[in-house]
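Undergrad: I am sharing my_file.pdb, which consists of PDB, C-alpha atoms, pLDDT in the B column:
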```pdb
ATOM      1  CA  MET A  25      27.151  63.062  59.237  1.00 96.00           C
ATOM      2  CA  LYS A  26      25.351  59.943  60.437  1.00 98.00           C
ATOM      3  CA  ASN A  27      26.875  59.169  63.818  1.00 98.00           C
ATOM      4  CA  VAL A  28      27.808  61.206  66.881  1.00 98.00           C
ATOM      5  CA  VAL A  29      30.109  59.824  69.561  1.00 98.00           C
ATOM      6  CA  PHE A  30      30.140  61.441  73.003  1.00 98.00           C
ATOM      7  CA  ASP A  31      32.725  61.454  75.730  1.00 98.00           C
ATOM      8  CA  LEU A  32      31.050  61.350  79.160  1.00 98.00           C
ATOM      9  CA  GLY A  33      33.024  63.214  81.823  1.00 96.00           C
ATOM     10  CA  GLY A  34      33.053  66.957  81.189  1.00 95.00           C
ATOM     11  CA  VAL A  35      30.766  66.593  78.158  1.00 98.00           C
ATOM     12  CA  LEU A  36      27.579  64.728  79.087  1.00 98.00           C
ATOM     13  CA  PHE A  37      28.128  64.419  82.836  1.00 98.00           C
ATOM     14  CA  ALA A  38      29.787  66.730  85.338  1.00 95.00           C
ATOM     15  CA  ARG A  39      29.647  67.898  88.923  1.00 92.00           C
ATOM     16  CA  ASP A  40      27.865  71.180  89.632  1.00 89.00           C
ATOM     17  CA  ALA A  41      30.653  73.454  90.893  1.00 86.00           C
ATOM     18  CA  ARG A  42      28.199  75.118  93.280  1.00 89.00           C
ATOM     19  CA  LYS A  43      27.881  71.804  95.137  1.00 91.00           C
ATOM     20  CA  CYS A  44      31.638  71.275  95.478  1.00 92.00           C
ATOM     21  CA  THR A  45      33.478  72.554  98.531  1.00 92.00           C
ATOM     22  CA  PRO A  46      37.017  73.990  98.105  1.00 92.00           C
ATOM     23  CA  ASP A  47      38.548  70.979  99.882  1.00 92.00           C
ATOM     24  CA  PHE A  48      36.700  68.593  97.522  1.00 92.00           C
ATOM     25  CA  VAL A  49      37.957  70.535  94.480  1.00 91.00           C
ATOM     26  CA  ARG A  50      41.535  70.399  95.788  1.00 92.00           C
ATOM     27  CA  PHE A  51      41.276  66.663  96.409  1.00 93.00           C
ATOM     28  CA  PHE A  52      40.384  66.011  92.766  1.00 92.00           C
ATOM     29  CA  GLU A  53      42.306  68.839  91.096  1.00 89.00           C
ATOM     30  CA  PHE A  54      44.281  66.289  89.038  1.00 88.00           C
ATOM     31  CA  VAL A  55      41.127  65.572  86.988  1.00 85.00           C
ATOM     32  CA  ARG A  56      41.582  68.801  85.005  1.00 81.00           C
ATOM     33  CA  ALA A  57      45.319  68.327  84.419  1.00 83.00           C
ATOM     34  CA  PRO A  58      46.355  67.989  80.752  1.00 82.00           C
ATOM     35  CA  GLN A  59      47.540  64.427  81.487  1.00 85.00           C
ATOM     36  CA  MET A  60      45.725  62.168  83.932  1.00 90.00           C
ATOM     37  CA  PRO A  61      48.041  60.706  86.588  1.00 93.00           C
ATOM     38  CA  HIS A  62      49.042  57.066  86.118  1.00 94.00           C
ATOM     39  CA  PHE A  63      46.995  55.732  89.044  1.00 95.00           C
ATOM     40  CA  TRP A  64      43.728  57.271  87.778  1.00 96.00           C
ATOM     41  CA  GLU A  65      44.419  56.148  84.232  1.00 96.00           C
ATOM     42  CA  GLU A  66      44.824  52.599  85.523  1.00 97.00           C
ATOM     43  CA  TYR A  67      41.606  52.934  87.524  1.00 97.00           C
ATOM     44  CA  ASP A  68      39.825  53.991  84.317  1.00 97.00           C
ATOM     45  CA  ARG A  69      41.510  51.128  82.451  1.00 98.00           C
ATOM     46  CA  GLY A  70      40.035  48.666  84.917  1.00 97.00           C
ATOM     47  CA  THR A  71      43.413  47.346  86.067  1.00 97.00           C
ATOM     48  CA  TRP A  72      43.352  49.153  89.431  1.00 97.00           C
ATOM     49  CA  SER A  73      40.554  48.500  91.911  1.00 97.00           C
ATOM     50  CA  LEU A  74      38.770  51.233  93.803  1.00 96.00           C
ATOM     51  CA  ASP A  75      40.614  50.095  96.947  1.00 96.00           C
ATOM     52  CA  ARG A  76      44.037  50.410  95.350  1.00 96.00           C
ATOM     53  CA  THR A  77      43.103  53.788  93.869  1.00 97.00           C
ATOM     54  CA  ALA A  78      41.892  54.993  97.256  1.00 96.00           C
ATOM     55  CA  ASP A  79      45.183  53.929  98.836  1.00 96.00           C
ATOM     56  CA  GLU A  80      47.065  56.049  96.318  1.00 95.00           C
ATOM     57  CA  LEU A  81      44.752  59.025  96.851  1.00 95.00           C
ATOM     58  CA  CYS A  82      45.368  58.774 100.601  1.00 94.00           C
ATOM     59  CA  ARG A  83      49.107  58.805 100.009  1.00 94.00           C
ATOM     60  CA  ILE A  84      48.978  61.772  97.634  1.00 92.00           C
ATOM     61  CA  ASN A  85      46.595  63.834  99.748  1.00 92.00           C
ATOM     62  CA  GLY A  86      47.881  62.800 103.161  1.00 94.00           C
ATOM     63  CA  CYS A  87      44.419  61.884 104.402  1.00 92.00           C
ATOM     64  CA  THR A  88      42.752  59.002 106.199  1.00 95.00           C
ATOM     65  CA  ARG A  89      41.019  56.207 104.333  1.00 95.00           C
ATOM     66  CA  GLU A  90      37.718  57.308 105.850  1.00 96.00           C
ATOM     67  CA  GLU A  91      38.142  60.820 104.398  1.00 95.00           C
ATOM     68  CA  CYS A  92      39.149  59.414 101.031  1.00 96.00           C
ATOM     69  CA  ASP A  93      36.192  57.040 100.871  1.00 96.00           C
ATOM     70  CA  ARG A  94      33.886  59.950 101.663  1.00 95.00           C
ATOM     71  CA  TYR A  95      35.387  62.061  98.862  1.00 95.00           C
ATOM     72  CA  LEU A  96      35.144  59.195  96.360  1.00 96.00           C
ATOM     73  CA  ALA A  97      31.511  58.462  97.214  1.00 96.00           C
ATOM     74  CA  ARG A  98      30.740  62.149  96.833  1.00 95.00           C
ATOM     75  CA  ALA A  99      32.609  62.320  93.515  1.00 95.00           C
ATOM     76  CA  ILE A 100      30.304  59.636  92.160  1.00 96.00           C
ATOM     77  CA  SER A 101      27.028  60.879  93.650  1.00 96.00           C
ATOM     78  CA  LEU A 102      27.595  64.473  92.488  1.00 95.00           C
ATOM     79  CA  GLN A 103      27.768  63.413  88.831  1.00 96.00           C
ATOM     80  CA  GLU A 104      24.738  64.660  86.922  1.00 97.00           C
ATOM     81  CA  PRO A 105      23.839  65.274  83.282  1.00 98.00           C
ATOM     82  CA  VAL A 106      25.045  68.524  81.754  1.00 98.00           C
ATOM     83  CA  ARG A 107      21.646  69.973  80.874  1.00 98.00           C
ATOM     84  CA  PRO A 108      22.511  71.499  77.448  1.00 98.00           C
ATOM     85  CA  THR A 109      24.243  68.282  76.361  1.00 98.00           C
ATOM     86  CA  GLU A 110      21.379  66.157  77.645  1.00 98.00           C
ATOM     87  CA  GLN A 111      18.974  68.211  75.521  1.00 98.00           C
ATOM     88  CA  LEU A 112      21.290  67.962  72.511  1.00 98.00           C
ATOM     89  CA  VAL A 113      21.456  64.166  72.813  1.00 98.00           C
ATOM     90  CA  GLY A 114      17.634  64.019  72.811  1.00 98.00           C
ATOM     91  CA  ALA A 115      17.430  66.264  69.741  1.00 98.00           C
ATOM     92  CA  LEU A 116      20.025  64.198  67.874  1.00 98.00           C
ATOM     93  CA  ARG A 117      18.143  61.006  68.747  1.00 98.00           C
ATOM     94  CA  GLU A 118      14.932  62.500  67.310  1.00 98.00           C
ATOM     95  CA  ALA A 119      16.825  63.597  64.188  1.00 98.00           C
ATOM     96  CA  GLY A 120      17.885  59.991  63.567  1.00 98.00           C
ATOM     97  CA  TYR A 121      21.600  60.068  64.301  1.00 98.00           C
ATOM     98  CA  GLY A 122      23.387  56.994  65.542  1.00 98.00           C
ATOM     99  CA  LEU A 123      24.587  57.867  69.047  1.00 98.00           C
ATOM    100  CA  TYR A 124      27.539  56.272  70.820  1.00 98.00           C
ATOM    101  CA  VAL A 125      29.683  56.647  73.923  1.00 98.00           C
ATOM    102  CA  LEU A 126      33.484  56.514  73.953  1.00 98.00           C
ATOM    103  CA  SER A 127      34.711  57.236  77.434  1.00 98.00           C
ATOM    104  CA  ASN A 128      37.486  56.728  79.947  1.00 97.00           C
ATOM    105  CA  MET A 129      35.486  55.713  82.989  1.00 97.00           C
ATOM    106  CA  SER A 130      35.966  53.399  85.956  1.00 97.00           C
ATOM    107  CA  ARG A 131      33.516  50.685  87.003  1.00 97.00           C
ATOM    108  CA  GLU A 132      31.954  52.517  89.957  1.00 97.00           C
ATOM    109  CA  PHE A 133      31.447  55.722  87.985  1.00 97.00           C
ATOM    110  CA  ILE A 134      29.998  54.130  84.839  1.00 98.00           C
ATOM    111  CA  ASP A 135      27.599  51.973  86.849  1.00 98.00           C
ATOM    112  CA  TYR A 136      26.193  55.162  88.363  1.00 98.00           C
ATOM    113  CA  LEU A 137      26.020  57.119  85.087  1.00 98.00           C
ATOM    114  CA  ARG A 138      24.106  54.317  83.376  1.00 98.00           C
ATOM    115  CA  THR A 139      21.212  54.875  85.790  1.00 98.00           C
ATOM    116  CA  PHE A 140      20.343  58.246  84.200  1.00 98.00           C
ATOM    117  CA  PRO A 141      17.584  58.272  81.544  1.00 98.00           C
ATOM    118  CA  VAL A 142      19.782  60.116  79.001  1.00 98.00           C
ATOM    119  CA  TYR A 143      22.014  57.039  78.824  1.00 97.00           C
ATOM    120  CA  GLY A 144      19.160  55.135  77.214  1.00 96.00           C
ATOM    121  CA  HIS A 145      19.495  57.234  74.039  1.00 97.00           C
ATOM    122  CA  PHE A 146      22.744  55.574  72.993  1.00 98.00           C
ATOM    123  CA  ASP A 147      23.027  52.819  70.403  1.00 98.00           C
ATOM    124  CA  GLY A 148      26.333  51.563  71.735  1.00 98.00           C
ATOM    125  CA  GLU A 149      29.247  52.277  74.001  1.00 98.00           C
ATOM    126  CA  VAL A 150      32.912  51.604  74.529  1.00 98.00           C
ATOM    127  CA  VAL A 151      33.997  52.247  78.117  1.00 98.00           C
ATOM    128  CA  SER A 152      37.644  51.997  79.097  1.00 98.00           C
ATOM    129  CA  CYS A 153      37.256  49.855  82.218  1.00 98.00           C
ATOM    130  CA  GLU A 154      35.472  47.187  80.151  1.00 98.00           C
ATOM    131  CA  VAL A 155      37.972  47.035  77.276  1.00 98.00           C
ATOM    132  CA  HIS A 156      41.137  47.699  79.331  1.00 98.00           C
ATOM    133  CA  THR A 157      42.420  50.496  77.146  1.00 98.00           C
ATOM    134  CA  VAL A 158      42.051  54.243  77.506  1.00 98.00           C
ATOM    135  CA  LYS A 159      41.927  57.303  75.283  1.00 97.00           C
ATOM    136  CA  PRO A 160      44.090  58.485  73.623  1.00 97.00           C
ATOM    137  CA  GLU A 161      45.501  54.985  73.007  1.00 98.00           C
ATOM    138  CA  PRO A 162      44.620  53.943  69.440  1.00 98.00           C
ATOM    139  CA  ARG A 163      43.138  50.577  70.441  1.00 98.00           C
ATOM    140  CA  ILE A 164      40.029  52.057  72.064  1.00 98.00           C
ATOM    141  CA  TYR A 165      39.116  53.882  68.828  1.00 98.00           C
ATOM    142  CA  GLU A 166      39.635  50.705  66.815  1.00 98.00           C
ATOM    143  CA  ILE A 167      37.249  48.871  69.141  1.00 98.00           C
ATOM    144  CA  LEU A 168      34.578  51.550  68.678  1.00 98.00           C
ATOM    145  CA  LEU A 169      34.841  51.595  64.889  1.00 98.00           C
ATOM    146  CA  ASP A 170      34.960  47.805  64.544  1.00 98.00           C
ATOM    147  CA  ARG A 171      32.271  46.973  67.104  1.00 98.00           C
ATOM    148  CA  TYR A 172      29.665  49.235  65.502  1.00 98.00           C
ATOM    149  CA  ALA A 173      30.943  49.234  61.883  1.00 98.00           C
ATOM    150  CA  LEU A 174      31.180  53.021  61.912  1.00 98.00           C
ATOM    151  CA  GLN A 175      32.527  54.873  58.892  1.00 98.00           C
ATOM    152  CA  PRO A 176      34.958  57.483  60.265  1.00 98.00           C
ATOM    153  CA  SER A 177      34.044  60.072  57.637  1.00 97.00           C
ATOM    154  CA  GLU A 178      30.384  59.844  58.718  1.00 98.00           C
ATOM    155  CA  THR A 179      31.164  60.062  62.446  1.00 98.00           C
ATOM    156  CA  LEU A 180      31.716  63.048  64.723  1.00 98.00           C
ATOM    157  CA  PHE A 181      33.561  62.548  68.018  1.00 98.00           C
ATOM    158  CA  ILE A 182      32.976  65.072  70.826  1.00 98.00           C
ATOM    159  CA  ASP A 183      35.500  65.262  73.685  1.00 98.00           C
ATOM    160  CA  ASP A 184      36.862  67.907  76.051  1.00 96.00           C
ATOM    161  CA  ARG A 185      40.519  66.809  75.816  1.00 95.00           C
ATOM    162  CA  PRO A 186      42.558  67.769  72.732  1.00 96.00           C
ATOM    163  CA  ALA A 187      44.815  64.689  72.971  1.00 96.00           C
ATOM    164  CA  ASN A 188      41.783  62.407  72.646  1.00 97.00           C
ATOM    165  CA  LEU A 189      40.621  64.275  69.564  1.00 98.00           C
ATOM    166  CA  GLU A 190      44.057  64.128  67.949  1.00 98.00           C
ATOM    167  CA  THR A 191      44.061  60.337  67.980  1.00 98.00           C
ATOM    168  CA  ALA A 192      40.481  60.230  66.724  1.00 98.00           C
ATOM    169  CA  ALA A 193      41.414  62.481  63.795  1.00 98.00           C
ATOM    170  CA  ARG A 194      44.191  60.058  62.830  1.00 98.00           C
ATOM    171  CA  PHE A 195      41.461  57.452  62.303  1.00 98.00           C
ATOM    172  CA  GLY A 196      39.586  59.846  60.021  1.00 98.00           C
ATOM    173  CA  LEU A 197      36.903  60.768  62.551  1.00 98.00           C
ATOM    174  CA  ARG A 198      35.538  64.294  62.512  1.00 98.00           C
ATOM    175  CA  THR A 199      36.186  65.951  65.871  1.00 98.00           C
ATOM    176  CA  PHE A 200      34.769  68.687  68.083  1.00 98.00           C
ATOM    177  CA  LEU A 201      36.450  70.134  71.171  1.00 98.00           C
ATOM    178  CA  PHE A 202      33.764  70.534  73.838  1.00 98.00           C
ATOM    179  CA  ARG A 203      34.445  73.377  76.237  1.00 97.00           C
ATOM    180  CA  TYR A 204      33.484  71.933  79.618  1.00 94.00           C
ATOM    181  CA  ASP A 205      33.475  75.450  81.059  1.00 93.00           C
ATOM    182  CA  ALA A 206      31.086  76.701  78.344  1.00 97.00           C
ATOM    183  CA  PRO A 207      28.585  73.875  77.721  1.00 97.00           C
ATOM    184  CA  CYS A 208      25.789  76.096  76.387  1.00 97.00           C
ATOM    185  CA  GLU A 209      28.040  77.658  73.772  1.00 98.00           C
ATOM    186  CA  SER A 210      29.490  74.280  72.789  1.00 98.00           C
ATOM    187  CA  CYS A 211      26.041  72.747  72.382  1.00 98.00           C
ATOM    188  CA  ASP A 212      24.790  75.747  70.408  1.00 98.00           C
ATOM    189  CA  GLU A 213      27.685  75.298  68.000  1.00 98.00           C
ATOM    190  CA  LEU A 214      26.963  71.580  67.692  1.00 98.00           C
ATOM    191  CA  ARG A 215      23.303  72.270  66.993  1.00 98.00           C
ATOM    192  CA  ARG A 216      24.260  74.598  64.157  1.00 97.00           C
ATOM    193  CA  MET A 217      26.534  71.891  62.754  1.00 96.00           C
ATOM    194  CA  LEU A 218      24.171  68.945  63.077  1.00 98.00           C
ATOM    195  CA  LEU A 219      20.541  70.046  63.258  1.00 97.00           C
TER     196      LEU A 219
END
```
Step by step, read the file and then write its structure as structure tokens.

TA:
Amino acid sequence: MKNVVFDLGGVLFARDARKCTPDFVRFFEFVRAPQMPHFWEEYDRGTWSLDRTADELCRINGCTREECDRYLARAISLQEPVRPTEQLVGALREAGYGLYVLSNMSREFIDYLRTFPVYGHFDGEVVSCEVHTVKPEPRIYEILLDRYALQPSETLFIDDRPANLETAARFGLRTFLFRYDAPCESCDELRRMLL
């Protein structure tokens, strides 16, 4: 294995549940659904603005725009590196792996995540809002492989959603299902595989 590709949300970055109030969790409960709702998928794709997305969230949740804006700002600011994954990324960098990002992420969220030092370890990235396609659509995997001339058989893709891994496997990528609710165990298993 020469290359490791990381998803971001739920793998490298997450919100600390201890900092999330029950009302905040309810507001964003769709994030853990097996299939993202259309409006959030389009936000990640870069075809819906934050304003349009907020309008839809207000409609769904029956809240004011002021409340919604507060929840969205908090959703961004609460993102932080998952400590075991952050340490794994550093160890893989030292071991000489090529490191890449393949993530469904909207403009406001990715701009914030790029400010963290761990993001500097990556050799390249494909982010949905910048290429206007989302996982598990095949096109986003093609962009990753073509842009960085990655050999699928030499590349491991880590994601927390089975559907995203299924498409990756069709391209010949090795895959690993990251358990967002058990990051230490997932990273321990990855260390045994890669280091």

Undergrad: Measuring between only C-alpha atoms, which one of A:Glu118, A:Glu154, A:Asp212, A:Asp205 shows the shortest distance to Ile134 in chain A?

TA: A:Glu154

Undergrad: With the PyMOL selection byres ((chain A and resi 190) around 12) as the selection, what would be picked from this file? Answer as a list of chain:residue names, please.

TA: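 Applied to this file, the PyMOL selection byres ((chain A and resi 190) around 12) returns A:Lys159, A:Pro160, A:Glu161, A:Pro162, A:Tyr165, A:Phe181, A:Ile182, A:Asp183, A:Asp184, A:Arg185, A:Pro186, A:Ala187, A:Asn188, A:Leu189, A:Thr191, A:Ala192, A:Ala193, A:Arg194, A:Phe195, A:Gly196, A:Leu197, A:Arg198, A:Thr199, A:Phe200, A:Leu201.
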
Undergrad: List, as an mmCIF file with C-alpha atoms, in the coordinates of the input, every residue that the PyMOL selection byres ((chain A and resi 148-152) around 8) selects in the file provided.

TA:
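Written output follows (expr.cif):
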```cif
data_model
loop_
_atom_site.group_PDB
_atom_site.id
_atom_site.type_symbol
_atom_site.label_atom_id
_atom_site.label_comp_id
_atom_site.auth_asym_id
_atom_site.auth_seq_id
_atom_site.Cartn_x
_atom_site.Cartn_y
_atom_site.Cartn_z
ATOM 1 C CA ASP A 68 39.825 53.991 84.317
ATOM 2 C CA ARG A 69 41.510 51.128 82.451
ATOM 3 C CA GLY A 70 40.035 48.666 84.917
ATOM 4 C CA LEU A 123 24.587 57.867 69.047
ATOM 5 C CA TYR A 124 27.539 56.272 70.820
ATOM 6 C CA VAL A 125 29.683 56.647 73.923
ATOM 7 C CA LEU A 126 33.484 56.514 73.953
ATOM 8 C CA SER A 127 34.711 57.236 77.434
ATOM 9 C CA ASN A 128 37.486 56.728 79.947
ATOM 10 C CA MET A 129 35.486 55.713 82.989
ATOM 11 C CA SER A 130 35.966 53.399 85.956
ATOM 12 C CA PHE A 146 22.744 55.574 72.993
ATOM 13 C CA ASP A 147 23.027 52.819 70.403
ATOM 14 C CA CYS A 153 37.256 49.855 82.218
ATOM 15 C CA GLU A 154 35.472 47.187 80.151
ATOM 16 C CA VAL A 155 37.972 47.035 77.276
ATOM 17 C CA HIS A 156 41.137 47.699 79.331
ATOM 18 C CA THR A 157 42.420 50.496 77.146
ATOM 19 C CA VAL A 158 42.051 54.243 77.506
ATOM 20 C CA LYS A 159 41.927 57.303 75.283
ATOM 21 C CA ILE A 164 40.029 52.057 72.064
ATOM 22 C CA ILE A 167 37.249 48.871 69.141
ATOM 23 C CA LEU A 168 34.578 51.550 68.678
ATOM 24 C CA TYR A 172 29.665 49.235 65.502
#
```

Undergrad: Given the choices A:Pro46, A:Tyr121, A:Gln111, A:Ser210, which gets closest to Glu178 in chain A if the distance is worked out from all atoms listed in the file?

TA: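 Counting all atoms listed in the file, the residue closest to Glu178 in chain A is A:Tyr121.
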
Undergrad: Which one of A:Asp75, A:Tyr67, A:Leu169, A:Glu53 sits closest to Glu90 in chain A if you count all atoms listed in the file?

TA: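 Among the listed residues, A:Asp75 lies closest to Glu90 in chain A.
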
Undergrad: Give me the residues within 12 Å of Cys82 in chain A as a ChimeraX atom specification, counting only C-alpha atoms and dropping any in the same chain fewer than 5 places off.

TA: /A:51-52,75-77,87-96

Undergrad: Considering all atoms listed in the file, state which residue in the set A:Leu112, A:Val29, A:Asp135, A:Val142 is at the smallest distance from Arg216 in chain A.

TA: A:Leu112

Undergrad: Could you check the closest approach to Cys44 in chain A for each of A:Leu32, A:Met60, A:Ala99, A:Ala119 and tell me which residue wins, using all atoms listed in the file?

TA: A:Ala99

Undergrad: Which polymer residues have any atom within 12 Å of an atom of Arg215 in chain A, counting all atoms listed in the file, with same-chain residues fewer than 3 positions away left out, as number ranges by chain?

TA: A: 28, 108-109, 111-116, 119, 208-212, 218-219

Undergrad: At what distance in Å, to one decimal, does CA of Asn27 in chain A lie from CA of Pro176 in chain A?

TA: 9.0 Å

Undergrad: Spell out the residues picked by the PyMOL selection byres ((chain A and resi 101) around 12) here, as a ChimeraX atom specification.

TA: /A:37-40,43-44,94-100,102-105,132-137,139-140

Undergrad: Work out how far CA of Val35 in chain A is from CA of Phe202 in chain A, in Å to one decimal.

TA: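 Those two atoms sit 6.6 Å apart.
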
Undergrad: Using only C-alpha atoms, find the one residue out of A:Arg56, A:Arg138, A:Arg163, A:His145 that sits nearest to Gly122 in chain A.

TA: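 Of A:Arg56, A:Arg138, A:Arg163, A:His145, the one nearest Gly122 in chain A is A:His145, counting only C-alpha atoms.
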
Undergrad: I'd like the interatomic distance between CA of Arg117 in chain A and CA of Ala206 in chain A, to a tenth of an Å.

TA: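 So the two atoms, CA of Arg117 in chain A and CA of Ala206 in chain A, lie 22.5 Å apart.
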
Undergrad: Assuming 3 Å of padding per side, give the centre and edge lengths of the axis-aligned box around every listed atom of range 207-218 of chain A, in Å to one decimal and as JSON.

TA:
```
{"center_x": 26.4, "center_y": 73.3, "center_z": 70.2, "size_x": 12.2, "size_y": 14.7, "size_z": 21.0}
```
